[in-house]
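Participant: As input, take my_file-v2.txt (compact mmCIF, C-alpha atoms and all ligand atoms):
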```txt
# COMPACT_ATOMS: atom_id res chain seq x y z
CA MET B 1 -202.37 95.17 -152.25
CA ASP B 2 -204.35 97.77 -154.18
CA HIS B 3 -208.03 97.11 -153.72
CA SER B 4 -209.29 100.25 -155.44
CA GLY B 5 -212.38 99.51 -157.45
CA LEU B 6 -212.82 96.19 -155.66
CA HIS B 7 -214.08 97.56 -152.39
CA GLN B 8 -217.06 95.89 -150.86
CA TYR B 9 -219.61 96.99 -148.32
CA GLN B 10 -221.54 94.91 -145.88
CA THR B 11 -225.19 95.95 -145.70
CA VAL B 12 -228.10 94.37 -143.81
CA CYS B 13 -229.13 92.72 -147.09
CA GLY B 14 -225.68 91.32 -147.92
CA THR B 15 -222.55 92.55 -149.66
CA LEU B 16 -222.65 95.45 -152.06
CA CYS B 17 -220.15 96.62 -154.64
CA ARG B 18 -218.98 100.17 -155.03
CA GLU B 19 -221.09 101.10 -158.08
CA ASN B 20 -224.27 100.52 -156.08
CA LEU B 21 -223.35 102.63 -153.06
CA GLY B 22 -224.39 106.00 -154.56
CA HIS B 23 -225.25 109.00 -152.38
CA CYS B 24 -224.48 107.87 -148.84
CA GLN B 25 -225.04 109.51 -145.44
CA PRO B 26 -222.75 107.75 -142.96
CA HIS B 27 -224.38 108.73 -139.65
CA GLU B 28 -228.16 108.51 -139.42
CA HIS B 29 -230.60 107.05 -136.88
CA ILE B 30 -233.33 105.15 -138.62
CA TYR B 31 -234.88 102.67 -136.20
CA ILE B 32 -234.21 102.18 -132.48
CA THR B 33 -236.17 99.78 -130.28
CA SER B 34 -235.92 98.98 -126.61
CA THR B 35 -233.13 101.05 -125.17
CA VAL B 36 -233.05 102.33 -121.61
CA ASP B 37 -232.66 105.91 -122.85
CA GLN B 38 -236.17 105.74 -124.33
CA LEU B 39 -237.63 105.45 -120.81
CA THR B 40 -236.63 109.02 -119.97
CA CYS B 41 -236.04 110.67 -123.33
CA GLU B 42 -238.46 111.00 -126.24
CA LEU B 43 -235.60 111.97 -128.51
CA THR B 44 -234.45 108.41 -129.10
CA CYS B 45 -237.96 106.96 -129.58
CA ILE B 46 -237.35 106.30 -133.27
CA ASN B 47 -239.33 103.12 -132.79
CA ASN B 48 -242.24 103.12 -135.23
CA LEU B 49 -241.44 100.86 -138.17
CA ALA B 50 -244.00 102.46 -140.51
CA LYS B 51 -242.68 105.97 -139.77
CA SER B 52 -239.08 104.86 -140.22
CA ILE B 53 -239.97 103.32 -143.58
CA GLU B 54 -241.66 106.60 -144.56
CA GLU B 55 -238.53 108.57 -143.57
CA ILE B 56 -236.26 106.35 -145.68
CA ARG B 57 -238.70 106.42 -148.60
CA SER B 58 -238.39 110.22 -148.65
CA TYR B 59 -234.61 109.88 -148.56
CA ARG B 60 -234.76 107.51 -151.54
CA ARG B 61 -237.09 109.85 -153.47
CA ALA B 62 -234.61 112.70 -152.91
CA GLY B 63 -231.76 110.60 -154.34
CA GLY B 64 -230.41 108.77 -151.28
CA MET B 65 -229.02 105.30 -152.01
CA THR B 66 -227.20 104.23 -148.84
CA ALA B 67 -227.21 105.20 -145.16
CA VAL B 68 -225.56 104.03 -141.95
CA ASP B 69 -227.81 103.37 -138.96
CA ALA B 70 -225.45 104.42 -136.18
CA ASN B 71 -226.92 102.68 -133.12
CA PRO B 72 -224.70 99.73 -132.19
CA LEU B 73 -225.29 96.43 -130.45
CA ALA B 74 -227.30 96.56 -127.20
CA THR B 75 -228.59 100.12 -127.69
CA GLY B 76 -231.90 99.33 -129.40
CA ARG B 77 -230.47 98.34 -132.77
CA ASP B 78 -232.79 95.90 -134.52
CA PRO B 79 -231.15 94.03 -137.43
CA LEU B 80 -234.44 92.42 -138.51
CA GLY B 81 -236.27 95.78 -138.58
CA LEU B 82 -233.40 97.40 -140.51
CA LYS B 83 -233.44 94.60 -143.06
CA ASP B 84 -237.21 95.06 -143.55
CA ILE B 85 -236.75 98.83 -144.00
CA SER B 86 -233.99 98.26 -146.54
CA ARG B 87 -235.98 95.68 -148.52
CA ILE B 88 -239.12 97.80 -148.61
CA THR B 89 -237.46 101.11 -149.52
CA GLY B 90 -234.62 99.86 -151.72
CA VAL B 91 -232.10 101.92 -149.72
CA ASN B 92 -228.90 100.11 -148.71
CA LEU B 93 -228.50 100.19 -144.94
CA ILE B 94 -225.24 99.54 -143.13
CA ALA B 95 -225.63 98.56 -139.46
CA VAL B 96 -222.97 98.92 -136.80
CA THR B 97 -221.53 96.82 -134.02
CA GLY B 98 -219.48 98.27 -131.15
CA TYR B 99 -220.76 100.41 -128.30
CA HIS B 100 -222.27 103.79 -127.52
CA ILE B 101 -222.21 106.61 -124.93
CA PRO B 102 -223.19 105.75 -121.31
CA LYS B 103 -226.75 107.13 -121.51
CA PHE B 104 -227.75 104.08 -123.58
CA TYR B 105 -226.89 101.59 -120.84
CA PRO B 106 -228.33 100.89 -117.40
CA ARG B 107 -225.83 101.15 -114.55
CA GLY B 108 -223.57 98.11 -114.35
CA HIS B 109 -224.40 97.04 -117.91
CA TRP B 110 -222.44 94.11 -119.28
CA ILE B 111 -220.67 96.34 -121.83
CA TYR B 112 -218.74 97.71 -118.82
CA THR B 113 -218.30 94.46 -116.91
CA GLU B 114 -217.28 92.08 -119.72
CA PRO B 115 -213.53 91.78 -120.32
CA GLU B 116 -211.96 93.44 -123.34
CA GLU B 117 -211.27 90.14 -125.12
CA ARG B 118 -214.91 89.05 -124.91
CA LEU B 119 -216.10 92.37 -126.36
CA GLU B 120 -213.59 92.08 -129.19
CA GLU B 121 -214.86 88.57 -130.03
CA LEU B 122 -218.45 89.78 -129.92
CA PHE B 123 -217.76 92.69 -132.30
CA VAL B 124 -215.83 90.41 -134.69
CA SER B 125 -218.62 87.86 -134.61
CA GLU B 126 -221.22 90.54 -135.45
CA LEU B 127 -219.13 91.59 -138.46
CA GLN B 128 -218.31 88.10 -139.70
CA LYS B 129 -221.31 85.97 -138.70
CA GLY B 130 -224.26 88.12 -137.75
CA MET B 131 -225.69 90.67 -135.35
CA TYR B 132 -227.34 89.71 -132.09
CA LEU B 133 -230.85 90.68 -131.09
CA GLY B 134 -231.45 92.60 -127.86
CA GLY B 135 -228.65 93.11 -125.35
CA SER B 136 -230.00 96.37 -123.91
CA TYR B 137 -230.54 94.76 -120.52
CA PHE B 138 -228.96 91.30 -120.65
CA TYR B 139 -226.02 89.74 -122.48
CA PRO B 140 -227.37 88.89 -125.94
CA GLU B 141 -228.10 85.28 -126.82
CA TYR B 142 -229.76 85.21 -130.21
CA GLN B 143 -227.56 85.76 -133.24
CA THR B 144 -229.03 86.54 -136.66
CA ASP B 145 -227.23 85.97 -139.97
CA ILE B 146 -227.43 89.72 -140.75
CA ARG B 147 -223.92 91.14 -140.53
CA ALA B 148 -222.77 94.55 -139.31
CA GLY B 149 -220.59 96.57 -141.69
CA LEU B 150 -218.92 99.09 -139.40
CA ILE B 151 -217.81 99.50 -135.77
CA LYS B 152 -218.93 102.29 -133.46
CA ALA B 153 -216.76 103.48 -130.59
CA VAL B 154 -216.78 106.38 -128.19
CA ILE B 155 -214.49 108.81 -126.47
CA THR B 156 -216.42 110.93 -123.98
CA SER B 157 -215.38 113.97 -121.99
CA ALA B 158 -213.87 111.49 -119.49
CA GLY B 159 -210.95 111.31 -121.93
CA MET B 160 -208.22 108.71 -122.39
CA GLU B 161 -207.45 108.49 -118.64
CA ASP B 162 -210.67 106.56 -118.14
CA ALA B 163 -210.10 102.79 -117.90
CA GLN B 164 -213.49 101.87 -119.42
CA THR B 165 -212.82 104.16 -122.38
CA VAL B 166 -209.51 102.46 -123.06
CA LYS B 167 -210.94 98.94 -122.60
CA CYS B 168 -213.83 99.45 -125.02
CA LEU B 169 -211.72 101.39 -127.53
CA THR B 170 -209.11 98.62 -127.54
CA ALA B 171 -211.77 95.94 -128.18
CA ALA B 172 -213.28 97.98 -131.02
CA GLY B 173 -209.88 98.81 -132.54
CA LYS B 174 -208.71 95.20 -132.49
CA ALA B 175 -211.98 94.10 -134.10
CA ALA B 176 -211.37 96.67 -136.86
CA VAL B 177 -207.87 95.35 -137.53
CA ARG B 178 -209.07 91.74 -137.63
CA THR B 179 -212.04 92.29 -139.93
CA GLY B 180 -211.03 95.20 -142.19
CA ALA B 181 -214.07 97.16 -140.99
CA SER B 182 -213.82 100.88 -140.36
CA ILE B 183 -214.44 102.44 -136.99
CA MET B 184 -216.63 105.51 -136.37
CA VAL B 185 -215.83 107.29 -133.12
CA HIS B 186 -218.25 109.55 -131.22
CA THR B 187 -216.22 112.47 -129.83
CA GLU B 188 -216.79 115.23 -127.30
CA ASN B 189 -213.86 117.55 -127.96
CA ARG B 190 -211.53 115.88 -125.48
CA ASP B 191 -208.44 113.79 -126.30
CA VAL B 192 -209.43 113.33 -129.95
CA LEU B 193 -205.81 113.39 -131.13
CA ARG B 194 -204.82 111.00 -128.32
CA MET B 195 -207.63 108.67 -129.35
CA ILE B 196 -206.44 108.68 -132.98
CA ASP B 197 -202.87 108.11 -131.86
CA PHE B 198 -204.00 105.22 -129.65
CA LEU B 199 -206.06 103.50 -132.36
CA ALA B 200 -203.50 104.05 -135.12
CA GLY B 201 -200.23 103.87 -133.19
CA ARG B 202 -201.00 101.28 -130.52
CA ILE B 203 -203.69 99.08 -132.05
CA GLY B 204 -202.71 99.41 -135.71
CA VAL B 205 -205.93 100.76 -137.24
CA ALA B 206 -205.22 102.63 -140.51
CA THR B 207 -206.13 106.31 -140.08
CA GLU B 208 -208.18 106.16 -143.29
CA SER B 209 -210.37 103.56 -141.51
CA ILE B 210 -211.16 105.99 -138.67
CA ILE B 211 -214.18 108.29 -138.90
CA VAL B 212 -214.23 111.08 -136.31
CA CYS B 213 -217.88 111.92 -135.61
CA HIS B 214 -219.42 115.24 -134.56
CA VAL B 215 -216.45 117.43 -135.52
CA ASP B 216 -218.85 120.28 -136.34
CA ARG B 217 -220.91 119.94 -133.16
CA GLN B 218 -217.92 120.10 -130.85
CA VAL B 219 -215.80 123.00 -131.92
CA GLU B 220 -215.76 125.73 -134.52
CA ASP B 221 -212.05 126.48 -134.08
CA LEU B 222 -210.91 125.62 -137.58
CA SER B 223 -207.28 125.16 -136.57
CA ILE B 224 -208.41 122.15 -134.50
CA HIS B 225 -210.30 120.76 -137.51
CA GLU B 226 -207.10 121.07 -139.54
CA GLN B 227 -205.02 119.39 -136.84
CA VAL B 228 -207.37 116.40 -136.63
CA ALA B 229 -207.69 116.11 -140.42
CA SER B 230 -203.90 116.19 -140.80
CA THR B 231 -203.73 112.74 -139.21
CA GLY B 232 -205.54 111.32 -142.28
CA VAL B 233 -208.85 110.38 -140.61
CA PHE B 234 -212.30 111.06 -142.05
CA MET B 235 -213.93 114.19 -140.65
CA GLU B 236 -217.65 113.71 -140.14
CA TYR B 237 -219.73 116.90 -140.23
CA ASP B 238 -222.90 115.26 -138.99
CA THR B 239 -224.76 118.05 -137.21
CA ILE B 240 -226.57 119.28 -140.32
CA THR B 241 -230.25 119.98 -139.40
CA LEU B 242 -229.40 120.49 -135.70
CA LEU B 243 -230.03 124.17 -136.32
CA LYS B 244 -230.06 125.15 -132.65
CA VAL B 245 -226.36 124.29 -132.39
CA HIS B 246 -225.29 126.05 -135.53
CA ASN B 247 -226.99 127.16 -138.71
CA ASN B 248 -226.29 126.20 -142.30
CA ALA B 249 -224.07 129.25 -142.77
CA SER B 250 -221.62 128.16 -140.08
CA GLU B 251 -221.68 124.56 -141.35
CA ILE B 252 -220.92 125.77 -144.88
CA ARG B 253 -218.17 128.07 -143.60
CA MET B 254 -216.43 125.08 -141.98
CA LEU B 255 -216.75 122.93 -145.10
CA LEU B 256 -215.47 125.70 -147.41
CA HIS B 257 -212.47 126.18 -145.13
CA MET B 258 -211.62 122.48 -145.09
CA ILE B 259 -211.97 122.22 -148.88
CA GLU B 260 -209.72 125.25 -149.32
CA LYS B 261 -207.11 123.70 -147.01
CA GLY B 262 -207.01 120.54 -149.13
CA PHE B 263 -209.09 118.16 -147.00
CA LEU B 264 -211.92 117.63 -149.54
CA ASP B 265 -211.31 113.88 -149.71
CA GLN B 266 -211.73 113.44 -145.94
CA ILE B 267 -215.11 115.18 -145.53
CA LEU B 268 -218.30 113.26 -144.75
CA ILE B 269 -221.72 114.82 -144.13
CA SER B 270 -224.78 113.45 -142.36
CA THR B 271 -227.64 114.52 -140.06
CA ASP B 272 -227.32 112.26 -136.94
CA PRO B 273 -231.00 112.86 -136.12
CA GLU B 274 -233.09 112.48 -133.02
CA THR B 275 -236.85 111.96 -133.15
CA ASN B 276 -237.59 115.68 -133.49
CA ARG B 277 -235.45 115.94 -136.62
CA LEU B 278 -237.22 113.24 -138.60
CA ASN B 279 -240.03 114.34 -140.91
CA ALA B 280 -241.99 111.12 -140.53
CA TYR B 281 -241.96 111.55 -136.73
CA GLY B 282 -243.32 115.12 -136.96
CA GLY B 283 -240.02 117.00 -137.24
CA LEU B 284 -239.57 119.99 -139.52
CA VAL B 285 -236.44 118.55 -141.14
CA GLY B 286 -235.56 115.03 -142.16
CA ILE B 287 -232.86 112.68 -143.40
CA ASP B 288 -233.61 114.01 -146.92
CA TYR B 289 -232.71 117.59 -145.87
CA ILE B 290 -229.12 117.30 -147.13
CA LEU B 291 -230.23 116.30 -150.64
CA LYS B 292 -233.16 118.70 -150.82
CA HIS B 293 -231.84 121.80 -149.08
CA PHE B 294 -228.24 121.62 -147.90
CA LEU B 295 -226.49 120.58 -151.11
CA PRO B 296 -228.18 123.36 -153.15
CA LEU B 297 -226.92 125.85 -150.54
CA LEU B 298 -223.44 124.38 -150.73
CA LYS B 299 -223.54 124.81 -154.51
CA LEU B 300 -224.63 128.43 -154.15
CA ALA B 301 -221.64 128.95 -151.84
CA GLY B 302 -219.35 127.88 -154.68
CA VAL B 303 -218.80 124.15 -154.12
CA SER B 304 -218.81 122.41 -157.51
CA GLU B 305 -220.94 119.40 -158.55
CA GLU B 306 -217.76 117.34 -158.68
CA GLU B 307 -216.72 118.35 -155.17
CA ILE B 308 -220.20 117.50 -153.87
CA ARG B 309 -219.98 114.09 -155.55
CA ARG B 310 -216.66 113.48 -153.82
CA ILE B 311 -218.15 114.37 -150.41
CA THR B 312 -221.40 112.42 -150.75
CA VAL B 313 -220.38 109.44 -152.92
CA GLU B 314 -216.61 108.94 -153.20
CA ASN B 315 -215.63 109.69 -149.60
CA PRO B 316 -218.25 107.40 -148.01
CA ALA B 317 -217.17 104.74 -150.51
CA ARG B 318 -213.62 104.90 -149.10
CA ALA B 319 -214.66 105.40 -145.48
CA LEU B 320 -217.08 102.48 -145.30
CA LYS B 321 -215.24 99.87 -147.37
CA MET B 322 -214.71 96.53 -145.72
CA ASP B 323 -212.05 94.73 -147.68
CA GLY B 324 -211.89 91.80 -145.27
CA VAL B 325 -215.46 90.93 -146.17
CA SER B 326 -216.21 87.47 -147.51
CA ALA B 327 -218.76 87.45 -150.31
ZN ZN U 1 -225.50 109.43 -133.67
```
What do you get writing this file as structure tokens?
Facilitator:
Amino acid sequence: MDHSGLHQYQTVCGTLCRENLGHCQPHEHIYITSTVDQLTCELTCINNLAKSIEEIRSYRRAGGMTAVDANPLATGRDPLGLKDISRITGVNLIAVTGYHIPKFYPRGHWIYTEPEERLEELFVSELQKGMYLGGSYFYPEYQTDIRAGLIKAVITSAGMEDAQTVKCLTAAGKAAVRTGASIMVHTENRDVLRMIDFLAGRIGVATESIIVCHVDRQVEDLSIHEQVASTGVFMEYDTITLLKVHNNASEIRMLLHMIEKGFLDQILISTDPETNRLNAYGGLVGIDYILKHFLPLLKLAGVSEEEIRRITVENPARALKMDGVSA
């Protein structure tokens, strides 16, 4: 069935239709409370509600309409806090279920000990009924009526030989198939094509529902970018503002190359920030950097207004749609 024009999105404040999505950054970190990583690392202490509101207000003032908060269940995600931030700022926020990289979990965490089927049910329930509170240390008990709108999954440098990787990826993939939600996958430049083949070929996830994260952070070999994009997945260039890894010039070079090779409609851009890259937390850059600084540079490099609209509005609208959503 052709759903074009009828796509819906599941935000922390309810369902949203396509016209209201606007400029969207599909991988941000807006508010994170109570995760084990915060005990040893300041970089994930994005835990001051007033500062997070300030950050998203600046994004709104710059023209931002929608953003994804990419911390999933049991890694400090707070559905109630996200809903408050969205209500106060007027920015649509999409929260995610699923799971994250190992540094967010204490050793022996339930995400690794629960069977695949139970994780799948949990992810489906968060998408269809509501997200749970807590879970960072103990199996979550309290379910809100605020629904997730996307699934996060991970393939680390352990690759597809790792049994935990396959278990969690299977649970996330099956939840995507059952709910119509898309799946964003953290990658570390290992087995990315195998992961896509597994999700699409074995589990049955449509490649246009798969978002491959961190493609710019991992590798600048453009032939690999082309190979991954040829599968039909969304390519997420989400390292913008992480200037120690690569500067704007190299980011723009990658984007120009992918546009020239015909992959314009698969490009997503975002900043995937840590605490030190949020203005409101004292950083020199912020979530509004793309709108204020990066897009003007992209224009100077020859990317047209229309192409920028495709990357920042149309592509997220296709990548984040959740057609299985009930109104
Ligand atoms: Zn992230």
Participant: List as a tab-separated table (two decimals) with C-alpha atoms, in the frame of the given file the protein and nucleic acid residues lying within 7 Å of ligand ZN 1 (chain U), with all atoms listed in the file counted.
Facilitator:
```tsv
chain	number	residue	atom	x	y	z
B	27	HIS	CA	-224.38	108.73	-139.65
B	28	GLU	CA	-228.16	108.51	-139.42
B	29	HIS	CA	-230.60	107.05	-136.88
B	70	ALA	CA	-225.45	104.42	-136.18
B	71	ASN	CA	-226.92	102.68	-133.12
B	272	ASP	CA	-227.32	112.26	-136.94
B	273	PRO	CA	-231.00	112.86	-136.12
```
Participant: Which residues, written as a list in words, have at least one atom at most 7 Å from Met184 (chain B), with all atoms listed in the file counted and residues fewer than 4 positions away on the same chain left out?
Facilitator: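 After dropping sequence-adjacent residues, the list is Ile151, Lys152, Ala153, Ile210, Ile211, Val212 and Cys213 of chain B.
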Participant: Between B:Ala229, B:Val192, B:Ala163, B:Val91, single out the one closest to Arg60 (chain B), counting all atoms listed in the file.
Facilitator: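 Nearest candidate to Arg60 (chain B) out of B:Ala229, B:Val192, B:Ala163, B:Val91: B:Val91.
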Participant: Any idea what's packed within 9 Å of region 118-129 of chain B, counting all atoms listed in the file, ignoring anything in its chain fewer than 5 positions away? Could you give it as a compact mmCIF listing (two decimals) with C-alpha atoms, keeping the file's coordinate frame?
Facilitator:
```
# COMPACT_ATOMS: atom_id res chain seq x y z
CA GLN B 10 -221.54 94.91 -145.88
CA LEU B 73 -225.29 96.43 -130.45
CA VAL B 96 -222.97 98.92 -136.80
CA THR B 97 -221.53 96.82 -134.02
CA GLY B 98 -219.48 98.27 -131.15
CA ILE B 111 -220.67 96.34 -121.83
CA GLN B 143 -227.56 85.76 -133.24
CA THR B 144 -229.03 86.54 -136.66
CA ASP B 145 -227.23 85.97 -139.97
CA ILE B 146 -227.43 89.72 -140.75
CA ARG B 147 -223.92 91.14 -140.53
CA ALA B 148 -222.77 94.55 -139.31
CA GLY B 149 -220.59 96.57 -141.69
CA LEU B 150 -218.92 99.09 -139.40
CA ILE B 151 -217.81 99.50 -135.77
CA CYS B 168 -213.83 99.45 -125.02
CA THR B 170 -209.11 98.62 -127.54
CA ALA B 171 -211.77 95.94 -128.18
CA ALA B 172 -213.28 97.98 -131.02
CA GLY B 173 -209.88 98.81 -132.54
CA LYS B 174 -208.71 95.20 -132.49
CA ALA B 175 -211.98 94.10 -134.10
CA ALA B 176 -211.37 96.67 -136.86
CA ARG B 178 -209.07 91.74 -137.63
CA THR B 179 -212.04 92.29 -139.93
CA ALA B 181 -214.07 97.16 -140.99
CA VAL B 325 -215.46 90.93 -146.17
CA SER B 326 -216.21 87.47 -147.51
```
Participant: Which is closer to Gly22 (chain B) than all the others in B:Ala67, B:Leu39, B:Leu264, B:Ala50, using only C-alpha atoms?
Facilitator: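 Looking only at the distances to Gly22 (chain B), the closest residue turns out to be B:Ala67.
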Participant: Between CA of Ser270 (chain B) and CA of His225 (chain B), what is the spacing in Å?
Facilitator: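 CA of His225 (chain B) sits 16.9 Å away from CA of Ser270 (chain B).
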Participant: Could you please determine the separation between CA of Ile259 (chain B) and CA of Asp69 (chain B) in Å, to one decimal place?
Facilitator: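 So the answer is 26.5 Å.
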Participant: Which residue out of B:Ile30, B:Asp197, B:Thr40, B:Glu236 has the minimum interatomic distance to Lys103 (chain B) when all atoms listed in the file are used?
Facilitator: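 Of all the options, B:Thr40 lies closest to Lys103 (chain B).
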Participant: Have a look at CA of Gln38 (chain B) and CA of Ile85 (chain B) and let me know their distance in Å, one decimal.
Facilitator: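 These two atoms are separated by 20.9 Å.
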Participant: Given the choices B:Gly81, B:Gly76, B:Gly286, B:Gly232, which gets closest to Gln266 (chain B) if the distance is worked out from only C-alpha atoms?
Facilitator: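 Among B:Gly81, B:Gly76, B:Gly286, B:Gly232, it is B:Gly232 that comes nearest to Gln266 (chain B).
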Participant: Leaving out Thr66 (chain B) and any residue of its chain fewer than 4 positions from it, which residues lie within 6 Å of it when counting only C-alpha atoms, given as JSON, numbers by chain?
Facilitator: {"B": [21, 24, 91, 92, 93]}
Participant: What lies within 12 Å of Val245 (chain B) using all atoms listed in the file, ignoring chain neighbours under 6 positions off, as a list in words?
Facilitator: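 The filter keeps His214, Asp216, Arg217, Gln218, Val219, Glu220, Asp238, Thr239 and Glu251 of chain B.
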Participant: Between B:Leu298, B:Ala280, B:Ile53, B:Ile290, which residue has the minimum interatomic distance to Asp84 (chain B), considering only C-alpha atoms?
Facilitator: B:Ile53
Participant: Please tell me which residues are no farther than 10 Å from (-233.2, 108.2, -150.6) in the file, counting only C-alpha atoms, and write them as an NGL selection string.
Facilitator: :B and (22-25 or 55-67 or 89-92 or 287-288 or 291)
Participant: Calculated over all atoms listed in the file, which of the candidates B:Ile269, B:Ile311, B:Val303, B:Leu82 has the smallest distance to Met131 (chain B)?
Facilitator: B:Leu82
Participant: At a cut-off of 10 Å around the point (-224.9, 121.8, -149.1) (file coordinates), what residues fall inside when counting only C-alpha atoms? I'd like the answer as a PDB file with C-alpha atoms, in the frame of the given file.
Facilitator:
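Saved file out-v1.pdb follows:
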```
ATOM      1  CA  ILE B 240    -226.570 119.280-140.320  1.00  0.00           C
ATOM      2  CA  ASN B 248    -226.290 126.200-142.300  1.00  0.00           C
ATOM      3  CA  ALA B 249    -224.070 129.250-142.770  1.00  0.00           C
ATOM      4  CA  GLU B 251    -221.680 124.560-141.350  1.00  0.00           C
ATOM      5  CA  ILE B 252    -220.920 125.770-144.880  1.00  0.00           C
ATOM      6  CA  LEU B 255    -216.750 122.930-145.100  1.00  0.00           C
ATOM      7  CA  ILE B 269    -221.720 114.820-144.130  1.00  0.00           C
ATOM      8  CA  TYR B 289    -232.710 117.590-145.870  1.00  0.00           C
ATOM      9  CA  ILE B 290    -229.120 117.300-147.130  1.00  0.00           C
ATOM     10  CA  LEU B 291    -230.230 116.300-150.640  1.00  0.00           C
ATOM     11  CA  LYS B 292    -233.160 118.700-150.820  1.00  0.00           C
ATOM     12  CA  HIS B 293    -231.840 121.800-149.080  1.00  0.00           C
ATOM     13  CA  PHE B 294    -228.240 121.620-147.900  1.00  0.00           C
ATOM     14  CA  LEU B 295    -226.490 120.580-151.110  1.00  0.00           C
ATOM     15  CA  PRO B 296    -228.180 123.360-153.150  1.00  0.00           C
ATOM     16  CA  LEU B 297    -226.920 125.850-150.540  1.00  0.00           C
ATOM     17  CA  LEU B 298    -223.440 124.380-150.730  1.00  0.00           C
ATOM     18  CA  LYS B 299    -223.540 124.810-154.510  1.00  0.00           C
ATOM     19  CA  LEU B 300    -224.630 128.430-154.150  1.00  0.00           C
ATOM     20  CA  ALA B 301    -221.640 128.950-151.840  1.00  0.00           C
ATOM     21  CA  GLY B 302    -219.350 127.880-154.680  1.00  0.00           C
ATOM     22  CA  VAL B 303    -218.800 124.150-154.120  1.00  0.00           C
ATOM     23  CA  ILE B 308    -220.200 117.500-153.870  1.00  0.00           C
TER      24      ILE B 308
END
```
Participant: Hey, could you pull the box centre and edge lengths for region 232-243 of chain B, axis-aligned, 5 Å padding per side, all listed atoms, to one decimal in Å, as lines of an AutoDock Vina configuration file?
Facilitator:
```
center_x = -217.9
center_y = 117.3
center_z = -139.0
size_x = 34.7
size_y = 23.8
size_z = 16.6
```
Participant: Have region 143-156 of chain B completed to N, CA and C atoms, please, and pass it along as a PDB file, keeping the file's coordinate frame.
Facilitator:
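Written out: rebuild31.pdb:
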```
ATOM      1  N   GLN B 143    -228.355  85.177-132.152  1.00  0.00           N
ATOM      2  CA  GLN B 143    -227.560  85.760-133.240  1.00  0.00           C
ATOM      3  C   GLN B 143    -228.285  85.562-134.573  1.00  0.00           C
ATOM      4  N   THR B 144    -228.434  86.645-135.326  1.00  0.00           N
ATOM      5  CA  THR B 144    -229.030  86.540-136.660  1.00  0.00           C
ATOM      6  C   THR B 144    -227.911  86.262-137.669  1.00  0.00           C
ATOM      7  N   ASP B 145    -228.274  86.107-138.936  1.00  0.00           N
ATOM      8  CA  ASP B 145    -227.230  85.970-139.970  1.00  0.00           C
ATOM      9  C   ASP B 145    -227.048  87.298-140.726  1.00  0.00           C
ATOM     10  N   ILE B 146    -227.542  88.391-140.123  1.00  0.00           N
ATOM     11  CA  ILE B 146    -227.430  89.720-140.750  1.00  0.00           C
ATOM     12  C   ILE B 146    -226.182  90.399-140.180  1.00  0.00           C
ATOM     13  N   ARG B 147    -225.211  90.672-141.039  1.00  0.00           N
ATOM     14  CA  ARG B 147    -223.920  91.140-140.530  1.00  0.00           C
ATOM     15  C   ARG B 147    -223.826  92.674-140.434  1.00  0.00           C
ATOM     16  N   ALA B 148    -223.093  93.128-139.420  1.00  0.00           N
ATOM     17  CA  ALA B 148    -222.770  94.550-139.310  1.00  0.00           C
ATOM     18  C   ALA B 148    -221.688  94.887-140.334  1.00  0.00           C
ATOM     19  N   GLY B 149    -221.577  96.179-140.687  1.00  0.00           N
ATOM     20  CA  GLY B 149    -220.590  96.570-141.690  1.00  0.00           C
ATOM     21  C   GLY B 149    -219.637  97.656-141.216  1.00  0.00           C
ATOM     22  N   LEU B 150    -219.692  97.962-139.934  1.00  0.00           N
ATOM     23  CA  LEU B 150    -218.920  99.090-139.400  1.00  0.00           C
ATOM     24  C   LEU B 150    -218.900  98.953-137.878  1.00  0.00           C
ATOM     25  N   ILE B 151    -217.898  99.569-137.243  1.00  0.00           N
ATOM     26  CA  ILE B 151    -217.810  99.500-135.770  1.00  0.00           C
ATOM     27  C   ILE B 151    -217.995 100.904-135.202  1.00  0.00           C
ATOM     28  N   LYS B 152    -218.791 100.998-134.141  1.00  0.00           N
ATOM     29  CA  LYS B 152    -218.930 102.290-133.460  1.00  0.00           C
ATOM     30  C   LYS B 152    -218.154 102.257-132.149  1.00  0.00           C
ATOM     31  N   ALA B 153    -217.472 103.346-131.862  1.00  0.00           N
ATOM     32  CA  ALA B 153    -216.760 103.480-130.590  1.00  0.00           C
ATOM     33  C   ALA B 153    -216.961 104.887-130.079  1.00  0.00           C
ATOM     34  N   VAL B 154    -216.451 105.144-128.890  1.00  0.00           N
ATOM     35  CA  VAL B 154    -216.780 106.380-128.190  1.00  0.00           C
ATOM     36  C   VAL B 154    -215.584 106.884-127.411  1.00  0.00           C
ATOM     37  N   ILE B 155    -215.337 108.189-127.488  1.00  0.00           N
ATOM     38  CA  ILE B 155    -214.490 108.810-126.470  1.00  0.00           C
ATOM     39  C   ILE B 155    -215.272 109.986-125.894  1.00  0.00           C
ATOM     40  N   THR B 156    -215.599 109.889-124.618  1.00  0.00           N
ATOM     41  CA  THR B 156    -216.420 110.930-123.980  1.00  0.00           C
ATOM     42  C   THR B 156    -215.522 111.992-123.371  1.00  0.00           C
TER      43      THR B 156
END
```
